[in-house]
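Chemist: My structure is in upload.cif, and what it holds is mmCIF, C-alpha atoms and all ligand atoms:
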data_final
loop_
_atom_site.group_PDB
_atom_site.id
_atom_site.type_symbol
_atom_site.label_atom_id
_atom_site.label_comp_id
_atom_site.auth_asym_id
_atom_site.auth_seq_id
_atom_site.Cartn_x
_atom_site.Cartn_y
_atom_site.Cartn_z
ATOM 1 C CA MET F 1 -50.034 13.494 13.732
ATOM 2 C CA ASP F 2 -51.672 16.366 11.836
ATOM 3 C CA LYS F 3 -52.233 14.986 8.340
ATOM 4 C CA LYS F 4 -51.966 18.429 6.766
ATOM 5 C CA VAL F 5 -48.362 18.802 7.916
ATOM 6 C CA ARG F 6 -45.968 16.694 5.860
ATOM 7 C CA HIS F 7 -43.851 15.015 8.507
ATOM 8 C CA TYR F 8 -41.519 12.175 7.438
ATOM 9 C CA LEU F 9 -40.475 10.174 10.483
ATOM 10 C CA GLN F 10 -40.237 6.671 9.041
ATOM 11 C CA VAL F 11 -40.651 5.052 5.614
ATOM 12 C CA ALA F 12 -44.044 3.640 6.620
ATOM 13 C CA ASP F 13 -45.411 7.215 6.920
ATOM 14 C CA LEU F 14 -45.660 7.339 3.116
ATOM 15 C CA ASP F 15 -47.318 5.129 0.526
ATOM 16 C CA ARG F 16 -45.536 3.486 -2.394
ATOM 17 C CA GLN F 17 -46.472 6.204 -4.874
ATOM 18 C CA SER F 18 -45.207 9.028 -2.643
ATOM 19 C CA LEU F 19 -41.916 7.237 -1.911
ATOM 20 C CA LEU F 20 -41.266 6.465 -5.586
ATOM 21 C CA GLY F 21 -42.401 9.998 -6.467
ATOM 22 C CA LEU F 22 -39.711 11.471 -4.211
ATOM 23 C CA ILE F 23 -37.064 9.312 -5.872
ATOM 24 C CA GLU F 24 -38.258 10.220 -9.375
ATOM 25 C CA ARG F 25 -38.204 13.883 -8.433
ATOM 26 C CA ALA F 26 -34.686 13.578 -6.992
ATOM 27 C CA ILE F 27 -33.531 12.063 -10.300
ATOM 28 C CA GLU F 28 -35.019 15.099 -12.121
ATOM 29 C CA LEU F 29 -33.429 17.532 -9.672
ATOM 30 C CA LYS F 30 -30.068 15.788 -10.100
ATOM 31 C CA GLU F 31 -30.381 16.125 -13.874
ATOM 32 C CA MET F 32 -31.228 19.837 -13.529
ATOM 33 C CA ARG F 33 -28.199 20.396 -11.315
ATOM 34 C CA LYS F 34 -25.907 18.560 -13.777
ATOM 35 C CA LYS F 35 -27.236 20.820 -16.568
ATOM 36 C CA GLY F 36 -26.555 23.912 -14.459
ATOM 37 C CA ILE F 37 -30.235 24.873 -14.223
ATOM 38 C CA ASP F 38 -30.944 27.015 -11.146
ATOM 39 C CA TYR F 39 -34.112 26.149 -9.267
ATOM 40 C CA MET F 40 -34.813 28.289 -6.220
ATOM 41 C CA PRO F 41 -38.362 27.796 -4.974
ATOM 42 C CA ALA F 42 -37.298 28.093 -1.293
ATOM 43 C CA THR F 43 -36.333 31.782 -1.322
ATOM 44 C CA GLY F 44 -37.152 33.261 2.075
ATOM 45 C CA LYS F 45 -37.630 29.850 3.728
ATOM 46 C CA VAL F 46 -35.528 28.635 6.656
ATOM 47 C CA VAL F 47 -34.911 25.009 7.606
ATOM 48 C CA GLY F 48 -33.820 24.208 11.162
ATOM 49 C CA MET F 49 -31.398 21.337 11.670
ATOM 50 C CA LEU F 50 -31.599 20.017 15.248
ATOM 51 C CA PHE F 51 -28.806 17.458 15.669
ATOM 52 C CA GLU F 52 -27.897 15.465 18.766
ATOM 53 C CA LYS F 53 -25.510 13.048 17.002
ATOM 54 C CA ALA F 54 -22.565 13.576 14.669
ATOM 55 C CA SER F 55 -23.146 13.822 10.926
ATOM 56 C CA THR F 56 -21.115 14.547 7.820
ATOM 57 C CA ARG F 57 -23.366 13.521 4.929
ATOM 58 C CA THR F 58 -26.869 14.172 6.238
ATOM 59 C CA ARG F 59 -26.036 17.568 7.701
ATOM 60 C CA ILE F 60 -24.032 18.949 4.801
ATOM 61 C CA SER F 61 -26.233 17.481 2.066
ATOM 62 C CA PHE F 62 -29.396 18.907 3.664
ATOM 63 C CA GLU F 63 -27.660 22.259 4.075
ATOM 64 C CA ALA F 64 -26.366 22.289 0.483
ATOM 65 C CA ALA F 65 -29.790 21.163 -0.784
ATOM 66 C CA MET F 66 -31.546 23.994 1.026
ATOM 67 C CA TYR F 67 -29.049 26.629 -0.142
ATOM 68 C CA GLN F 68 -29.311 25.379 -3.734
ATOM 69 C CA LEU F 69 -33.114 25.634 -3.467
ATOM 70 C CA GLY F 70 -32.604 29.307 -2.588
ATOM 71 C CA GLY F 71 -33.365 29.050 1.132
ATOM 72 C CA SER F 72 -31.382 29.194 4.365
ATOM 73 C CA VAL F 73 -30.493 26.853 7.191
ATOM 74 C CA SER F 74 -30.148 27.254 10.936
ATOM 75 C CA PHE F 75 -28.038 24.494 12.485
ATOM 76 C CA MET F 76 -28.689 23.706 16.153
ATOM 77 C CA ALA F 77 -26.533 21.328 18.139
ATOM 78 C CA LYS F 78 -28.821 20.099 20.921
ATOM 79 C CA ARG F 79 -26.248 20.926 23.597
ATOM 80 C CA ASP F 80 -26.540 24.631 22.688
ATOM 81 C CA LEU F 81 -30.307 24.773 23.132
ATOM 82 C CA GLN F 82 -32.382 25.207 26.285
ATOM 83 C CA LEU F 83 -33.694 21.728 25.409
ATOM 84 C CA ASP F 84 -30.465 20.399 26.863
ATOM 85 C CA ARG F 85 -31.232 22.185 30.148
ATOM 86 C CA GLY F 86 -34.671 20.669 30.454
ATOM 87 C CA GLU F 87 -36.977 22.795 28.281
ATOM 88 C CA PRO F 88 -39.682 20.375 27.103
ATOM 89 C CA LEU F 89 -39.783 19.089 23.521
ATOM 90 C CA ALA F 90 -43.359 20.393 23.231
ATOM 91 C CA ASP F 91 -42.263 23.960 24.048
ATOM 92 C CA THR F 92 -39.197 23.746 21.809
ATOM 93 C CA ALA F 93 -41.291 22.488 18.880
ATOM 94 C CA ARG F 94 -43.941 25.193 19.244
ATOM 95 C CA VAL F 95 -41.353 27.968 19.447
ATOM 96 C CA LEU F 96 -39.213 26.729 16.553
ATOM 97 C CA ALA F 97 -42.325 26.372 14.392
ATOM 98 C CA ARG F 98 -42.869 30.145 14.770
ATOM 99 C CA TYR F 99 -39.472 30.869 13.175
ATOM 100 C CA LEU F 100 -38.834 28.044 10.751
ATOM 101 C CA ASP F 101 -40.469 26.396 7.738
ATOM 102 C CA CYS F 102 -39.213 22.843 8.314
ATOM 103 C CA LEU F 103 -37.208 20.988 10.962
ATOM 104 C CA VAL F 104 -34.709 18.192 10.270
ATOM 105 C CA VAL F 105 -33.852 16.217 13.405
ATOM 106 C CA ARG F 106 -31.102 13.707 14.206
ATOM 107 C CA THR F 107 -31.470 12.172 17.639
ATOM 108 C CA TYR F 108 -31.638 8.943 19.675
ATOM 109 C CA GLY F 109 -35.194 7.796 20.443
ATOM 110 C CA GLN F 110 -37.855 7.678 17.733
ATOM 111 C CA HIS F 111 -40.263 9.040 20.368
ATOM 112 C CA ILE F 112 -38.325 12.339 20.281
ATOM 113 C CA VAL F 113 -39.083 13.020 16.595
ATOM 114 C CA GLU F 114 -42.657 11.846 17.168
ATOM 115 C CA GLU F 115 -43.099 14.246 20.084
ATOM 116 C CA LEU F 116 -41.599 17.148 18.099
ATOM 117 C CA ALA F 117 -43.921 16.349 15.177
ATOM 118 C CA LYS F 118 -46.928 16.150 17.484
ATOM 119 C CA TRP F 119 -46.357 19.720 18.661
ATOM 120 C CA SER F 120 -45.095 21.191 15.418
ATOM 121 C CA ASP F 121 -47.156 22.748 12.671
ATOM 122 C CA ILE F 122 -44.126 22.780 10.382
ATOM 123 C CA PRO F 123 -42.878 19.498 8.832
ATOM 124 C CA VAL F 124 -40.487 17.417 10.923
ATOM 125 C CA ILE F 125 -38.063 15.234 8.949
ATOM 126 C CA ASN F 126 -36.185 12.366 10.571
ATOM 127 C CA GLY F 127 -32.473 12.721 9.761
ATOM 128 C CA LEU F 128 -31.736 9.483 11.719
ATOM 129 C CA THR F 129 -32.877 8.013 14.993
ATOM 130 C CA ASP F 130 -31.868 4.780 16.704
ATOM 131 C CA ALA F 131 -34.858 3.133 14.991
ATOM 132 C CA HIS F 132 -35.016 4.607 11.457
ATOM 133 C CA HIS F 133 -33.061 6.467 8.747
ATOM 134 C CA PRO F 134 -35.874 7.174 6.280
ATOM 135 C CA CYS F 135 -34.152 9.780 4.074
ATOM 136 C CA GLN F 136 -31.048 7.615 3.658
ATOM 137 C CA ILE F 137 -33.089 4.728 2.310
ATOM 138 C CA LEU F 138 -34.506 6.951 -0.453
ATOM 139 C CA SER F 139 -30.964 7.832 -1.561
ATOM 140 C CA ASP F 140 -30.064 4.148 -1.428
ATOM 141 C CA ILE F 141 -32.994 3.075 -3.593
ATOM 142 C CA MET F 142 -32.388 5.976 -5.993
ATOM 143 C CA THR F 143 -28.839 4.607 -6.389
ATOM 144 C CA VAL F 144 -30.183 1.088 -6.972
ATOM 145 C CA ILE F 145 -32.549 2.425 -9.661
ATOM 146 C CA GLU F 146 -29.705 4.323 -11.372
ATOM 147 C CA HIS F 147 -27.527 1.219 -11.508
ATOM 148 C CA LYS F 148 -30.075 -1.583 -11.840
ATOM 149 C CA GLY F 149 -33.209 -0.009 -13.329
ATOM 150 C CA SER F 150 -36.587 0.705 -11.830
ATOM 151 C CA ASP F 151 -37.978 -2.854 -11.766
ATOM 152 C CA LEU F 152 -37.250 -3.239 -8.055
ATOM 153 C CA ALA F 153 -39.383 -6.366 -7.729
ATOM 154 C CA SER F 154 -36.972 -8.255 -10.000
ATOM 155 C CA LEU F 155 -33.979 -7.583 -7.727
ATOM 156 C CA LYS F 156 -32.853 -9.657 -4.770
ATOM 157 C CA VAL F 157 -31.670 -7.227 -2.099
ATOM 158 C CA ALA F 158 -29.487 -8.430 0.771
ATOM 159 C CA TRP F 159 -28.565 -6.843 4.097
ATOM 160 C CA VAL F 160 -25.576 -8.196 6.002
ATOM 161 C CA GLY F 161 -24.853 -7.079 9.571
ATOM 162 C CA ASP F 162 -26.740 -5.430 12.389
ATOM 163 C CA GLY F 163 -30.549 -5.365 12.540
ATOM 164 C CA ASN F 164 -30.304 -1.614 13.137
ATOM 165 C CA ASN F 165 -31.968 1.656 12.058
ATOM 166 C CA MET F 166 -30.850 1.172 8.433
ATOM 167 C CA ALA F 167 -32.079 -2.427 8.419
ATOM 168 C CA HIS F 168 -35.467 -1.197 9.688
ATOM 169 C CA SER F 169 -35.711 1.378 6.918
ATOM 170 C CA TRP F 170 -34.802 -1.297 4.333
ATOM 171 C CA ILE F 171 -37.494 -3.579 5.776
ATOM 172 C CA GLN F 172 -40.170 -0.890 5.529
ATOM 173 C CA ALA F 173 -38.968 0.070 2.041
ATOM 174 C CA ALA F 174 -39.125 -3.547 0.825
ATOM 175 C CA SER F 175 -42.686 -3.771 2.068
ATOM 176 C CA ARG F 176 -43.851 -0.397 0.724
ATOM 177 C CA MET F 177 -41.943 -0.326 -2.558
ATOM 178 C CA GLY F 178 -42.182 -4.042 -3.319
ATOM 179 C CA PHE F 179 -38.940 -6.033 -3.546
ATOM 180 C CA PRO F 180 -37.541 -9.181 -1.918
ATOM 181 C CA LEU F 181 -35.211 -8.530 1.015
ATOM 182 C CA TYR F 182 -32.941 -11.065 2.731
ATOM 183 C CA LEU F 183 -31.199 -10.006 5.918
ATOM 184 C CA ALA F 184 -28.343 -11.852 7.632
ATOM 185 C CA CYS F 185 -27.876 -10.818 11.264
ATOM 186 C CA PRO F 186 -26.234 -12.584 14.204
ATOM 187 C CA ALA F 187 -28.528 -14.071 16.857
ATOM 188 C CA GLY F 188 -29.420 -11.369 19.354
ATOM 189 C CA TYR F 189 -28.992 -8.618 16.747
ATOM 190 C CA TYR F 190 -32.104 -9.248 14.676
ATOM 191 C CA PRO F 191 -34.293 -6.315 13.568
ATOM 192 C CA ASP F 192 -37.165 -5.188 15.783
ATOM 193 C CA GLU F 193 -39.910 -7.829 15.735
ATOM 194 C CA GLU F 194 -42.776 -5.360 15.556
ATOM 195 C CA ILE F 195 -41.302 -3.458 12.600
ATOM 196 C CA LEU F 196 -40.656 -6.769 10.861
ATOM 197 C CA ALA F 197 -44.135 -8.166 11.534
ATOM 198 C CA LYS F 198 -45.902 -5.015 10.329
ATOM 199 C CA ALA F 199 -43.793 -4.847 7.176
ATOM 200 C CA ARG F 200 -44.352 -8.534 6.408
ATOM 201 C CA ALA F 201 -48.089 -8.197 6.899
ATOM 202 C CA GLU F 202 -48.210 -5.650 4.046
ATOM 203 C CA ALA F 203 -45.451 -7.066 1.831
ATOM 204 C CA SER F 204 -45.951 -8.692 -1.572
ATOM 205 C CA TYR F 205 -42.417 -10.137 -1.605
ATOM 206 C CA PRO F 206 -40.441 -12.093 0.999
ATOM 207 C CA ILE F 207 -38.672 -10.294 3.838
ATOM 208 C CA GLU F 208 -36.493 -12.991 5.410
ATOM 209 C CA VAL F 209 -33.982 -12.919 8.252
ATOM 210 C CA THR F 210 -31.303 -15.583 8.635
ATOM 211 C CA GLU F 211 -28.097 -15.963 10.633
ATOM 212 C CA ASP F 212 -26.312 -17.163 7.499
ATOM 213 C CA PRO F 213 -24.699 -14.384 5.399
ATOM 214 C CA VAL F 214 -24.083 -16.767 2.467
ATOM 215 C CA GLU F 215 -27.785 -17.587 2.266
ATOM 216 C CA ALA F 216 -28.705 -13.891 2.313
ATOM 217 C CA VAL F 217 -26.290 -12.850 -0.433
ATOM 218 C CA ARG F 218 -26.747 -15.924 -2.655
ATOM 219 C CA ASP F 219 -27.590 -14.621 -6.174
ATOM 220 C CA ALA F 220 -28.251 -11.155 -4.753
ATOM 221 C CA ASP F 221 -28.316 -8.128 -7.072
ATOM 222 C CA VAL F 222 -27.863 -5.522 -4.339
ATOM 223 C CA ILE F 223 -25.889 -5.972 -1.108
ATOM 224 C CA ASN F 224 -25.930 -3.552 1.822
ATOM 225 C CA THR F 225 -24.006 -3.326 4.998
ATOM 226 C CA ASP F 226 -23.508 -0.779 7.787
ATOM 227 C CA VAL F 227 -21.354 -0.249 10.872
ATOM 228 C CA TRP F 228 -21.455 -2.935 13.556
ATOM 229 C CA ALA F 229 -21.788 -0.390 16.378
ATOM 230 C CA SER F 230 -24.099 2.522 15.635
ATOM 231 C CA MET F 231 -23.923 5.945 17.254
ATOM 232 C CA GLY F 232 -24.824 5.507 20.908
ATOM 233 C CA GLN F 233 -23.448 1.930 21.011
ATOM 234 C CA GLU F 234 -19.784 2.881 21.375
ATOM 235 C CA ASP F 235 -19.522 0.923 24.667
ATOM 236 C CA GLU F 236 -20.539 -2.277 22.876
ATOM 237 C CA ALA F 237 -18.075 -1.856 20.000
ATOM 238 C CA LEU F 238 -15.493 -4.414 21.181
ATOM 239 C CA GLU F 239 -18.022 -7.101 21.970
ATOM 240 C CA ARG F 240 -19.854 -6.488 18.697
ATOM 241 C CA LYS F 241 -16.599 -6.803 16.729
ATOM 242 C CA LYS F 242 -16.283 -10.412 17.876
ATOM 243 C CA VAL F 243 -19.934 -11.315 17.217
ATOM 244 C CA PHE F 244 -20.085 -9.690 13.786
ATOM 245 C CA GLU F 245 -16.776 -10.986 12.387
ATOM 246 C CA PRO F 246 -18.442 -13.682 10.209
ATOM 247 C CA TYR F 247 -20.644 -10.945 8.710
ATOM 248 C CA GLN F 248 -17.852 -8.976 7.033
ATOM 249 C CA LEU F 249 -18.603 -8.003 3.443
ATOM 250 C CA ASN F 250 -15.484 -9.291 1.673
ATOM 251 C CA GLU F 251 -14.553 -10.827 -1.706
ATOM 252 C CA ASP F 252 -15.246 -14.352 -0.432
ATOM 253 C CA LEU F 253 -18.802 -13.503 0.556
ATOM 254 C CA LEU F 254 -19.372 -11.590 -2.691
ATOM 255 C CA LYS F 255 -18.568 -14.754 -4.701
ATOM 256 C CA HIS F 256 -22.017 -16.048 -3.724
ATOM 257 C CA ALA F 257 -23.826 -13.004 -5.152
ATOM 258 C CA LYS F 258 -24.546 -12.296 -8.821
ATOM 259 C CA ALA F 259 -21.417 -11.358 -10.761
ATOM 260 C CA ASP F 260 -22.920 -7.951 -11.593
ATOM 261 C CA CYS F 261 -24.176 -7.173 -8.089
ATOM 262 C CA ILE F 262 -23.736 -3.730 -6.560
ATOM 263 C CA VAL F 263 -22.568 -2.950 -3.025
ATOM 264 C CA LEU F 264 -24.062 -0.169 -0.914
ATOM 265 C CA HIS F 265 -22.983 1.295 2.417
ATOM 266 C CA CYS F 266 -24.616 4.424 3.837
ATOM 267 C CA LEU F 267 -21.209 5.449 5.289
ATOM 268 C CA PRO F 268 -19.256 6.166 7.407
ATOM 269 C CA ALA F 269 -17.485 2.832 6.778
ATOM 270 C CA HIS F 270 -15.061 1.080 9.082
ATOM 271 C CA LYS F 271 -12.770 -0.547 6.530
ATOM 272 C CA GLY F 272 -11.543 -3.928 7.740
ATOM 273 C CA GLU F 273 -14.602 -4.366 9.963
ATOM 274 C CA GLU F 274 -18.019 -4.607 8.280
ATOM 275 C CA ILE F 275 -16.498 -4.155 4.794
ATOM 276 C CA THR F 276 -13.032 -4.683 3.371
ATOM 277 C CA GLU F 277 -11.183 -1.864 1.652
ATOM 278 C CA GLU F 278 -11.041 -4.056 -1.469
ATOM 279 C CA VAL F 279 -14.856 -4.241 -1.661
ATOM 280 C CA LEU F 280 -15.532 -0.637 -0.647
ATOM 281 C CA GLU F 281 -13.086 0.689 -3.242
ATOM 282 C CA GLY F 282 -13.809 -2.081 -5.776
ATOM 283 C CA PRO F 283 -15.852 -2.018 -9.016
ATOM 284 C CA LYS F 284 -19.105 -3.240 -7.421
ATOM 285 C CA SER F 285 -19.185 -0.408 -4.882
ATOM 286 C CA VAL F 286 -21.579 2.449 -5.610
ATOM 287 C CA VAL F 287 -21.115 4.187 -2.268
ATOM 288 C CA TRP F 288 -19.950 7.541 -3.650
ATOM 289 C CA ASP F 289 -23.000 7.831 -5.935
ATOM 290 C CA GLN F 290 -25.087 6.804 -2.937
ATOM 291 C CA ALA F 291 -23.549 9.592 -0.834
ATOM 292 C CA GLU F 292 -24.084 12.161 -3.617
ATOM 293 C CA ASN F 293 -27.707 11.124 -4.037
ATOM 294 C CA LYS F 294 -28.455 12.133 -0.456
ATOM 295 C CA MET F 295 -28.302 15.769 -1.565
ATOM 296 C CA HIS F 296 -30.717 15.271 -4.477
ATOM 297 C CA ILE F 297 -33.110 13.258 -2.315
ATOM 298 C CA HIS F 298 -32.989 15.879 0.427
ATOM 299 C CA LYS F 299 -33.953 18.507 -2.136
ATOM 300 C CA ALA F 300 -36.937 16.402 -3.176
ATOM 301 C CA VAL F 301 -37.913 15.814 0.470
ATOM 302 C CA LEU F 302 -37.640 19.532 1.342
ATOM 303 C CA GLU F 303 -39.586 20.532 -1.771
ATOM 304 C CA TRP F 304 -42.351 18.043 -0.881
ATOM 305 C CA ALA F 305 -42.414 18.795 2.858
ATOM 306 C CA MET F 306 -42.678 22.566 2.368
ATOM 307 C CA ASN F 307 -44.950 22.145 -0.656
ATOM 308 C CA LEU F 308 -42.684 24.270 -2.857
ATOM 309 C CA ARG F 309 -43.819 22.969 -6.235
ATOM 310 C CA ASP F 310 -46.433 24.871 -8.214
HETATM 311 N N1 LIG E 401 -25.090 8.164 5.972
HETATM 312 C C1 LIG E 401 -25.209 9.142 6.892
HETATM 313 O O1 LIG E 401 -26.285 9.428 7.430
HETATM 314 O O2 LIG E 401 -24.015 9.754 7.161
HETATM 315 P P1 LIG E 401 -23.764 10.867 8.271
HETATM 316 O O3 LIG E 401 -23.838 10.169 9.619
HETATM 317 O O4 LIG E 401 -22.388 11.405 7.968
HETATM 318 O O5 LIG E 401 -24.834 11.911 8.162
HETATM 319 N N1 LIG E 402 -26.393 2.730 11.786
HETATM 320 C C1 LIG E 402 -25.546 3.901 11.737
HETATM 321 C C2 LIG E 402 -25.867 4.718 10.528
HETATM 322 C C3 LIG E 402 -25.010 5.942 10.373
HETATM 323 C C4 LIG E 402 -25.394 6.786 9.186
HETATM 324 C C5 LIG E 402 -25.725 4.715 13.007
HETATM 325 O O1 LIG E 402 -26.858 4.875 13.464
HETATM 326 O O2 LIG E 402 -24.724 5.177 13.558
#
Could you write out this file's structure as structure tokens?
Ligand code: CP
Ligand code: NVA

Modeler:
Amino acid sequence: MDKKVRHYLQVADLDRQSLLGLIERAIELKEMRKKGIDYMPATGKVVGMLFEKASTRTRISFEAAMYQLGGSVSFMAKRDLQLDRGEPLADTARVLARYLDCLVVRTYGQHIVEELAKWSDIPVINGLTDAHHPCQILSDIMTVIEHKGSDLASLKVAWVGDGNNMAHSWIQAASRMGFPLYLACPAGYYPDEEILAKARAEASYPIEVTEDPVEAVRDADVINTDVWASMGQEDEALERKKVFEPYQLNEDLLKHAKADCIVLHCLPAHKGEEITEEVLEGPKSVVWDQAENKMHIHKAVLEWAMNLRD
């Protein structure tokens, strides 16, 4: 990867200071927006959004972020591009880089964003792959900081559910940003061993995986969950529903966490599956702030990637 181009493909691409810097900047940009201060450093810039999977939050919050920064967006569903008829990723990346200033990609394999980045001399930002969701995690941690303060190391963070793309981004974030993380996943649905091993090798705090959701959430300050079947796993949804049933985030499970814990979910939520309506809509849930923060984080990521600050 060309070091001069600011790609962001997974959390581990950035060091602690850069990750926390993006969150701090997003908090400033949020404050500016709330005060009605216009900030348009992206005038004349165009961001491409190449999406192969559905999206409500990531797509619209990136688009709104770019428009608010004074720039424009070109949305590309993969099925409408020659890419879908066999044009190589390398050719697509080199051509798009001649038109655009940054490319946000949502796709399946992590190798696809890596290949695009390899051939692109504009920044490539991962807007979700099967393996990582590195922008989402920044919004999540921004939300934690807003509700629990910036001393992340003092917080016990729990993950309950699938060892999926979001779990991987939490694992890398725990290692890079320094906080204890306890994941509860059913056997056979643990996070990727290599991602886990690399993160643990660098971590200053424990990153533990158990099959027991009570153990993971015991005295936790922050509890996360996500869908049981991610995009691309629709065929496994029924089978997963049975396996994941003991991992539902409900009032009974929450009794084991700290009384003032907060609940996060990157959304979309399947109420009655991974989370009950009572918990999602209850006083511990911060999911709507979390969704809003995606837009502020995306502004900070775009500003950094395109080097828009003086
Ligand atoms: N959380 C998130 O990435 O949502 P979308 O799939 O709607 O973009
Ligand atoms: N794990 C989910 C996250 C959606 C934002 C998925 O990949 O579908």

Chemist: Find the residues near Ile60 of chain F: any atom within 9 Å, counting all atoms listed in the file, skip ones fewer than 5 places away on the same chain, and give them as a list in words.

Modeler: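 The residues that qualify are Ser55, Ala65 and Met295 of chain F.
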
Chemist: Find the spatial neighbours of Ile262 of chain F, counting all atoms listed in the file, within a cut-off of 8 Å - ignore same-chain residues fewer than 4 positions away - and output them as JSON, numbers by chain.

Modeler: {"F": [147, 221, 222, 223, 284, 285, 286]}

Chemist: Please, could you write that set of residues out with C-alpha atoms as a PDB file, in the coordinates of the input?

Modeler:
ATOM      1  CA  HIS F 147     -27.527   1.219 -11.508  1.00  0.00           C
ATOM      2  CA  ASP F 221     -28.316  -8.128  -7.072  1.00  0.00           C
ATOM      3  CA  VAL F 222     -27.863  -5.522  -4.339  1.00  0.00           C
ATOM      4  CA  ILE F 223     -25.889  -5.972  -1.108  1.00  0.00           C
ATOM      5  CA  LYS F 284     -19.105  -3.240  -7.421  1.00  0.00           C
ATOM      6  CA  SER F 285     -19.185  -0.408  -4.882  1.00  0.00           C
ATOM      7  CA  VAL F 286     -21.579   2.449  -5.610  1.00  0.00           C
TER       8      VAL F 286
END

Chemist: Return as AutoDock Vina command-line options the centre and edge lengths, in Å with one decimal, of the box along x, y and z that encloses every atom of ligand LIG 402 (chain E) in the file, padded by 3 Å per side.

Modeler:
--center_x -25.8 --center_y 4.8 --center_z 11.4 --size_x 8.1 --size_y 10.1 --size_z 10.4

Chemist: Give me the result of the PyMOL selection byres (((not hetatm)) within 7 of (chain E and resi 401)) on this file, residue by residue, as a PyMOL selection string.

Modeler: chain F and resi 54-59+128+136+266-268

Chemist: Fewer than 3 positions away in the same chain doesn't count, so skip those; otherwise give me all residues within 8 Å of Lys258 of chain F, counting all atoms listed in the file, as a PyMOL selection string.

Modeler: chain F and resi 218-221+255+261

Chemist: Counting all atoms listed in the file, name the residues that have an atom within 10 Å of an atom of ligand LIG 402 (chain E); the answer should be given as an NGL selection string.

Modeler: :F and (53-58 or 106-108 or 127-133 or 136 or 162-167 or 225-234 or 265-269)

Chemist: Evaluate the PyMOL selection byres (((chain F and resi 69) around 6) and not hetatm) and record the selected residues as an MDAnalysis selection string, following the chain and residue labels used in the document.

Modeler: chainID F and resid 39:42 66:68 70:71

Chemist: To one decimal place, how far is atom CA of Lys30 of chain F from atom CA of Ala291 of chain F in Å?

Modeler: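 Calculated distance between atom CA of Lys30 of chain F and atom CA of Ala291 of chain F is 12.9 Å.
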
Chemist: Please identify all polymer residues within 12 Å of Val214 of chain F, counting all atoms listed in the file, omitting same-chain residues fewer than 6 positions from it, and present them as a PyMOL selection string.

Modeler: chain F and resi 158-160+182-185+220+223+246-257

Chemist: Give me, please, the distance in Å between atom CA of Val104 of chain F and atom CA of Val301 of chain F, quoted to one decimal.

Modeler: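 Between atom CA of Val104 of chain F and atom CA of Val301 of chain F the gap is 10.6 Å.
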
Chemist: Have a look at F:Leu308, F:Ala26, F:Leu103, F:Ile141 and name the one nearest to Phe51 of chain F; count all atoms listed in the file.

Modeler: F:Leu103

Chemist: If we count all atoms listed in the file and set the cut-off at 12 Å, which residues sit around Gln172 of chain F, ignoring sequence neighbours fewer than 6 positions away in its own chain? Please answer as a ChimeraX atom specification.

Modeler: /F:10-16,19,131-134,137-138,165-166,178-181,191-192,194-203,205,207

Chemist: Using atom CA of Val95 of chain F and atom CA of Trp119 of chain F as the two end points, give the distance in Å to one decimal.

Modeler: 9.7 Å
